[in-house]
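Participant: Sharing upload37.tsv (TSV, C-alpha atoms and all ligand atoms) below.
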```
chain	number	residue	atom	x	y	z
A	275	MET	CA	-72.21	-296.82	102.98
A	276	THR	CA	-71.73	-293.10	103.47
A	277	LYS	CA	-69.74	-291.17	100.90
A	278	TRP	CA	-66.13	-290.78	102.04
A	279	PRO	CA	-64.28	-288.99	103.50
A	280	VAL	CA	-65.99	-289.38	106.85
A	281	SER	CA	-64.79	-288.78	110.38
A	282	ASP	CA	-62.87	-291.52	112.23
A	283	PRO	CA	-65.77	-292.29	114.59
A	284	GLN	CA	-68.23	-292.48	111.70
A	285	ALA	CA	-65.90	-294.76	109.75
A	286	LEU	CA	-65.45	-297.03	112.78
A	287	ALA	CA	-69.19	-297.16	113.39
A	288	GLU	CA	-69.88	-298.10	109.78
A	289	LEU	CA	-67.10	-300.68	109.64
A	290	LEU	CA	-68.31	-302.31	112.84
A	291	GLU	CA	-71.88	-302.36	111.59
A	292	LEU	CA	-70.82	-303.93	108.30
A	293	HIS	CA	-68.22	-306.42	109.45
A	294	ALA	CA	-68.50	-307.18	113.17
A	295	SER	CA	-70.69	-309.73	114.85
A	296	ALA	CA	-73.39	-308.59	117.28
A	297	ARG	CA	-71.86	-307.38	120.55
A	298	PRO	CA	-68.26	-307.98	119.48
A	299	THR	CA	-65.29	-307.97	121.82
A	300	ILE	CA	-63.23	-305.07	120.49
A	301	LEU	CA	-59.61	-304.38	121.36
A	302	ASP	CA	-57.93	-301.12	120.31
A	303	CYS	CA	-54.21	-301.82	120.53
A	304	THR	CA	-53.14	-298.23	119.75
A	305	TYR	CA	-55.70	-296.49	121.95
A	306	GLY	CA	-53.68	-293.34	122.62
A	307	ARG	CA	-56.26	-290.77	123.71
A	308	GLY	CA	-59.05	-292.72	122.10
A	309	GLU	CA	-59.91	-289.86	119.81
A	310	VAL	CA	-60.78	-292.13	116.88
A	311	TRP	CA	-63.80	-293.27	118.90
A	312	GLY	CA	-65.16	-289.76	119.40
A	313	ARG	CA	-68.45	-290.03	121.31
A	314	LEU	CA	-69.44	-293.46	120.06
A	315	PRO	CA	-71.18	-295.25	122.97
A	316	ILE	CA	-69.32	-298.48	122.13
A	317	ARG	CA	-66.11	-296.75	123.20
A	318	ARG	CA	-66.91	-297.67	126.81
A	319	GLN	CA	-66.74	-301.39	125.97
A	320	VAL	CA	-63.48	-301.24	124.00
A	321	ILE	CA	-60.46	-302.95	125.57
A	322	LYS	CA	-57.95	-300.11	125.63
A	323	VAL	CA	-54.30	-300.98	125.02
A	324	ASP	CA	-51.27	-298.87	124.17
A	325	ILE	CA	-47.53	-299.26	124.55
A	326	GLN	CA	-47.38	-295.96	126.46
A	327	ALA	CA	-48.58	-295.48	130.01
A	328	LEU	CA	-51.67	-293.40	129.30
A	329	PRO	CA	-54.74	-292.64	131.41
A	330	GLY	CA	-57.71	-294.96	131.16
A	331	LEU	CA	-55.98	-297.95	129.59
A	332	ASP	CA	-56.91	-301.52	130.42
A	333	LEU	CA	-53.40	-302.69	129.56
A	334	GLN	CA	-50.05	-301.13	128.70
A	335	ALA	CA	-48.47	-303.47	126.17
A	336	ASP	CA	-46.71	-303.75	122.85
A	337	TRP	CA	-49.14	-304.93	120.16
A	338	LEU	CA	-46.74	-307.77	119.40
A	339	ASP	CA	-47.28	-309.11	122.93
A	340	LEU	CA	-51.07	-309.29	122.71
A	341	PRO	CA	-51.10	-313.08	122.26
A	342	ARG	CA	-49.52	-313.34	125.72
A	343	HIS	CA	-52.39	-311.41	127.26
A	344	TYR	CA	-55.44	-312.60	125.34
A	345	PRO	CA	-56.21	-316.19	124.35
A	346	ARG	CA	-56.59	-317.03	120.69
A	347	GLY	CA	-60.13	-316.36	119.50
A	348	SER	CA	-61.01	-314.09	122.43
A	349	ILE	CA	-61.03	-310.86	120.40
A	350	ASP	CA	-63.55	-310.31	117.59
A	351	VAL	CA	-62.31	-306.95	116.33
A	352	LEU	CA	-58.81	-305.54	116.53
A	353	VAL	CA	-58.49	-301.81	115.93
A	354	TRP	CA	-55.01	-300.71	114.91
A	355	ASP	CA	-54.23	-297.05	114.32
A	356	PRO	CA	-50.45	-296.91	114.14
A	357	ILE	CA	-48.55	-293.82	113.21
A	358	HIS	CA	-48.53	-293.57	109.42
A	359	VAL	CA	-45.38	-291.52	108.94
A	360	ALA	CA	-41.80	-292.26	109.95
A	361	ASP	CA	-39.22	-290.01	111.57
A	362	VAL	CA	-41.55	-287.54	113.23
A	363	GLY	CA	-39.38	-284.81	114.70
A	364	ARG	CA	-39.53	-284.26	118.44
A	365	SER	CA	-40.57	-280.66	117.92
A	366	SER	CA	-43.51	-281.74	115.77
A	367	GLN	CA	-46.98	-281.20	117.16
A	368	PHE	CA	-47.62	-284.86	116.33
A	369	TYR	CA	-44.75	-286.30	118.36
A	370	SER	CA	-46.37	-286.47	121.78
A	371	ARG	CA	-49.72	-287.58	120.39
A	372	TYR	CA	-48.60	-290.20	117.91
A	373	VAL	CA	-45.08	-291.40	118.70
A	374	ALA	CA	-44.19	-293.82	121.49
A	375	GLU	CA	-40.67	-293.60	122.91
A	376	GLN	CA	-40.77	-297.41	123.00
A	377	ASN	CA	-41.48	-297.58	119.24
A	378	PRO	CA	-40.24	-294.41	117.56
A	379	VAL	CA	-40.75	-295.66	113.95
A	380	ALA	CA	-37.70	-294.57	112.02
A	381	GLY	CA	-36.77	-294.81	108.37
A	382	ASP	CA	-38.48	-294.27	105.05
A	383	SER	CA	-41.53	-296.37	105.69
A	384	VAL	CA	-43.72	-297.71	108.47
A	385	ALA	CA	-44.43	-300.87	106.48
A	386	GLY	CA	-42.03	-302.88	108.65
A	387	GLU	CA	-44.35	-302.31	111.59
A	388	ILE	CA	-46.83	-304.80	110.25
A	389	HIS	CA	-44.54	-307.73	109.50
A	390	ASP	CA	-45.44	-309.89	112.49
A	391	TRP	CA	-49.18	-309.42	112.09
A	392	HIS	CA	-49.16	-311.79	109.15
A	393	CYS	CA	-47.67	-314.65	111.14
A	394	PRO	CA	-50.53	-317.14	111.59
A	395	GLY	CA	-49.21	-318.28	114.95
A	396	GLN	CA	-49.22	-314.73	116.30
A	397	ALA	CA	-52.81	-313.75	115.62
A	398	VAL	CA	-54.96	-312.84	118.62
A	401	LIG	C1	-51.59	-292.60	115.67
A	401	LIG	S1	-51.46	-292.83	117.42
A	401	LIG	C2	-53.06	-293.48	117.84
A	401	LIG	C3	-54.05	-292.41	118.18
A	401	LIG	C4	-55.33	-292.96	118.78
A	401	LIG	N1	-56.04	-293.85	117.87
A	401	LIG	C5	-56.25	-291.83	119.19
A	401	LIG	O1	-57.33	-291.71	118.64
A	401	LIG	O2	-55.86	-291.07	120.09
A	401	LIG	C6	-50.46	-294.29	117.54
A	401	LIG	C7	-50.44	-294.92	118.93
A	401	LIG	O3	-49.78	-296.17	118.81
A	401	LIG	C8	-49.07	-296.38	120.00
A	401	LIG	N2	-48.04	-297.39	119.70
A	401	LIG	C9	-46.92	-297.27	118.94
A	401	LIG	N3	-46.26	-298.42	118.85
A	401	LIG	C10	-46.98	-299.31	119.58
A	401	LIG	C11	-46.81	-300.70	119.87
A	401	LIG	N4	-45.76	-301.39	119.40
A	401	LIG	N5	-47.75	-301.32	120.62
A	401	LIG	C12	-48.82	-300.63	121.09
A	401	LIG	N6	-49.04	-299.31	120.86
A	401	LIG	C13	-48.12	-298.66	120.10
A	401	LIG	C14	-48.52	-295.02	120.36
A	401	LIG	O4	-48.19	-294.94	121.72
A	401	LIG	C15	-49.69	-294.12	119.97
A	401	LIG	O5	-50.55	-293.88	121.06
```
Represent the structure contained in this file as structure tokens.
Facilitator:
Amino acid sequence: MTKWPVSDPQALAELLELHASARPTILDCTYGRGEVWGRLPIRRQVIKVDIQALPGLDLQADWLDLPRHYPRGSIDVLVWDPIHVADVGRSSQFYSRYVAEQNPVAGDSVAGEIHDWHCPGQAV
């Protein structure tokens, strides 16, 4: 493993090499502009999902609704890159890139964002 810190694309490439099966079905549920993928060739195969209507997506959806769109066991790798800070001001340079109007993430912590992911019945 490369010494950290590394770039997002390099980290993704290494994590996929270490943990994913050969030719995995990958879904990025917070695709945004897809910048975390950089120029990785595998980016073309990623199922691109975001809650915002953004160019190039395969699906506009809330990550909590994924089980309605994809059958259980159909996704090998789920990439989740949520915003990591709460209460981003509208004048912030990060607002348009990282905050969805549909899920503004308010309060002291973003920890509440992950609560439903641990529900066994909800997993994709
Ligand atoms: C930190 S940004 C992701 C940036 C992205 N990885 C990139 O490289 O451009 C967080 C993304 O999560 C999306 N998002 C926020 N809440 C969501 C939800 N409930 N379901 C799906 N996407 C959501 C936002 O629209 C935003 O694009």
Participant: If you count only C-alpha atoms and all ligand atoms, which residues end up within 9 Å of ligand LIG 401 (chain A), as a PDB file with C-alpha atoms, in the coordinates of the input?
Facilitator:
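Okay, part_36.pdb is ready:
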```pdb
ATOM      1  CA  ASP A 282     -62.870-291.520 112.230  1.00  0.00           C
ATOM      2  CA  ASP A 302     -57.930-301.120 120.310  1.00  0.00           C
ATOM      3  CA  CYS A 303     -54.210-301.820 120.530  1.00  0.00           C
ATOM      4  CA  THR A 304     -53.140-298.230 119.750  1.00  0.00           C
ATOM      5  CA  TYR A 305     -55.700-296.490 121.950  1.00  0.00           C
ATOM      6  CA  GLY A 306     -53.680-293.340 122.620  1.00  0.00           C
ATOM      7  CA  ARG A 307     -56.260-290.770 123.710  1.00  0.00           C
ATOM      8  CA  GLY A 308     -59.050-292.720 122.100  1.00  0.00           C
ATOM      9  CA  GLU A 309     -59.910-289.860 119.810  1.00  0.00           C
ATOM     10  CA  VAL A 310     -60.780-292.130 116.880  1.00  0.00           C
ATOM     11  CA  TRP A 311     -63.800-293.270 118.900  1.00  0.00           C
ATOM     12  CA  GLY A 312     -65.160-289.760 119.400  1.00  0.00           C
ATOM     13  CA  VAL A 323     -54.300-300.980 125.020  1.00  0.00           C
ATOM     14  CA  ASP A 324     -51.270-298.870 124.170  1.00  0.00           C
ATOM     15  CA  ILE A 325     -47.530-299.260 124.550  1.00  0.00           C
ATOM     16  CA  GLN A 326     -47.380-295.960 126.460  1.00  0.00           C
ATOM     17  CA  ALA A 327     -48.580-295.480 130.010  1.00  0.00           C
ATOM     18  CA  LEU A 328     -51.670-293.400 129.300  1.00  0.00           C
ATOM     19  CA  GLN A 334     -50.050-301.130 128.700  1.00  0.00           C
ATOM     20  CA  ALA A 335     -48.470-303.470 126.170  1.00  0.00           C
ATOM     21  CA  ASP A 336     -46.710-303.750 122.850  1.00  0.00           C
ATOM     22  CA  TRP A 337     -49.140-304.930 120.160  1.00  0.00           C
ATOM     23  CA  LEU A 338     -46.740-307.770 119.400  1.00  0.00           C
ATOM     24  CA  ASP A 339     -47.280-309.110 122.930  1.00  0.00           C
ATOM     25  CA  LEU A 340     -51.070-309.290 122.710  1.00  0.00           C
ATOM     26  CA  VAL A 353     -58.490-301.810 115.930  1.00  0.00           C
ATOM     27  CA  TRP A 354     -55.010-300.710 114.910  1.00  0.00           C
ATOM     28  CA  ASP A 355     -54.230-297.050 114.320  1.00  0.00           C
ATOM     29  CA  PRO A 356     -50.450-296.910 114.140  1.00  0.00           C
ATOM     30  CA  ILE A 357     -48.550-293.820 113.210  1.00  0.00           C
ATOM     31  CA  HIS A 358     -48.530-293.570 109.420  1.00  0.00           C
ATOM     32  CA  PHE A 368     -47.620-284.860 116.330  1.00  0.00           C
ATOM     33  CA  SER A 370     -46.370-286.470 121.780  1.00  0.00           C
ATOM     34  CA  ARG A 371     -49.720-287.580 120.390  1.00  0.00           C
ATOM     35  CA  TYR A 372     -48.600-290.200 117.910  1.00  0.00           C
ATOM     36  CA  VAL A 373     -45.080-291.400 118.700  1.00  0.00           C
ATOM     37  CA  ALA A 374     -44.190-293.820 121.490  1.00  0.00           C
ATOM     38  CA  GLU A 375     -40.670-293.600 122.910  1.00  0.00           C
ATOM     39  CA  GLN A 376     -40.770-297.410 123.000  1.00  0.00           C
ATOM     40  CA  ASN A 377     -41.480-297.580 119.240  1.00  0.00           C
ATOM     41  CA  PRO A 378     -40.240-294.410 117.560  1.00  0.00           C
ATOM     42  CA  VAL A 379     -40.750-295.660 113.950  1.00  0.00           C
ATOM     43  CA  GLU A 387     -44.350-302.310 111.590  1.00  0.00           C
TER      44      GLU A 387
END
```
Participant: So what do you get for atom CA of A:Gly381 versus atom CA of A:Ala360, distance-wise?
Facilitator: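 Atom CA of A:Gly381 sits 5.9 Å away from atom CA of A:Ala360.
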Participant: In Å to one decimal, how far is atom CA of A:Leu301 from atom CA of A:Asp332?
Facilitator: 9.9 Å
Participant: Compare A:Ile300, A:Leu289, A:Val351, A:Leu333 by their minimum atom-to-atom distance to A:Arg317, counting all atoms listed in the file, and give me the closest one.
Facilitator: A:Ile300
Participant: What does the distance between atom CA of A:His343 and atom CA of A:Gly330 come to in Å, to one decimal place?
Facilitator: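 Between these atoms lies a distance of 17.7 Å.
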Participant: Between A:Val280, A:Val359, A:Leu352, A:Ala294, which has the minimum distance to A:Ala380 (counting all atoms listed in the file)?
Facilitator: A:Val359
Participant: Please determine, counting only C-alpha atoms, which residue among A:Trp278, A:Ala287, A:Gly363, A:Gly347 has the shortest atom-to-atom distance to A:Arg313.
Facilitator: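 Looking at the shortest contact to A:Arg313, the residue is A:Ala287.
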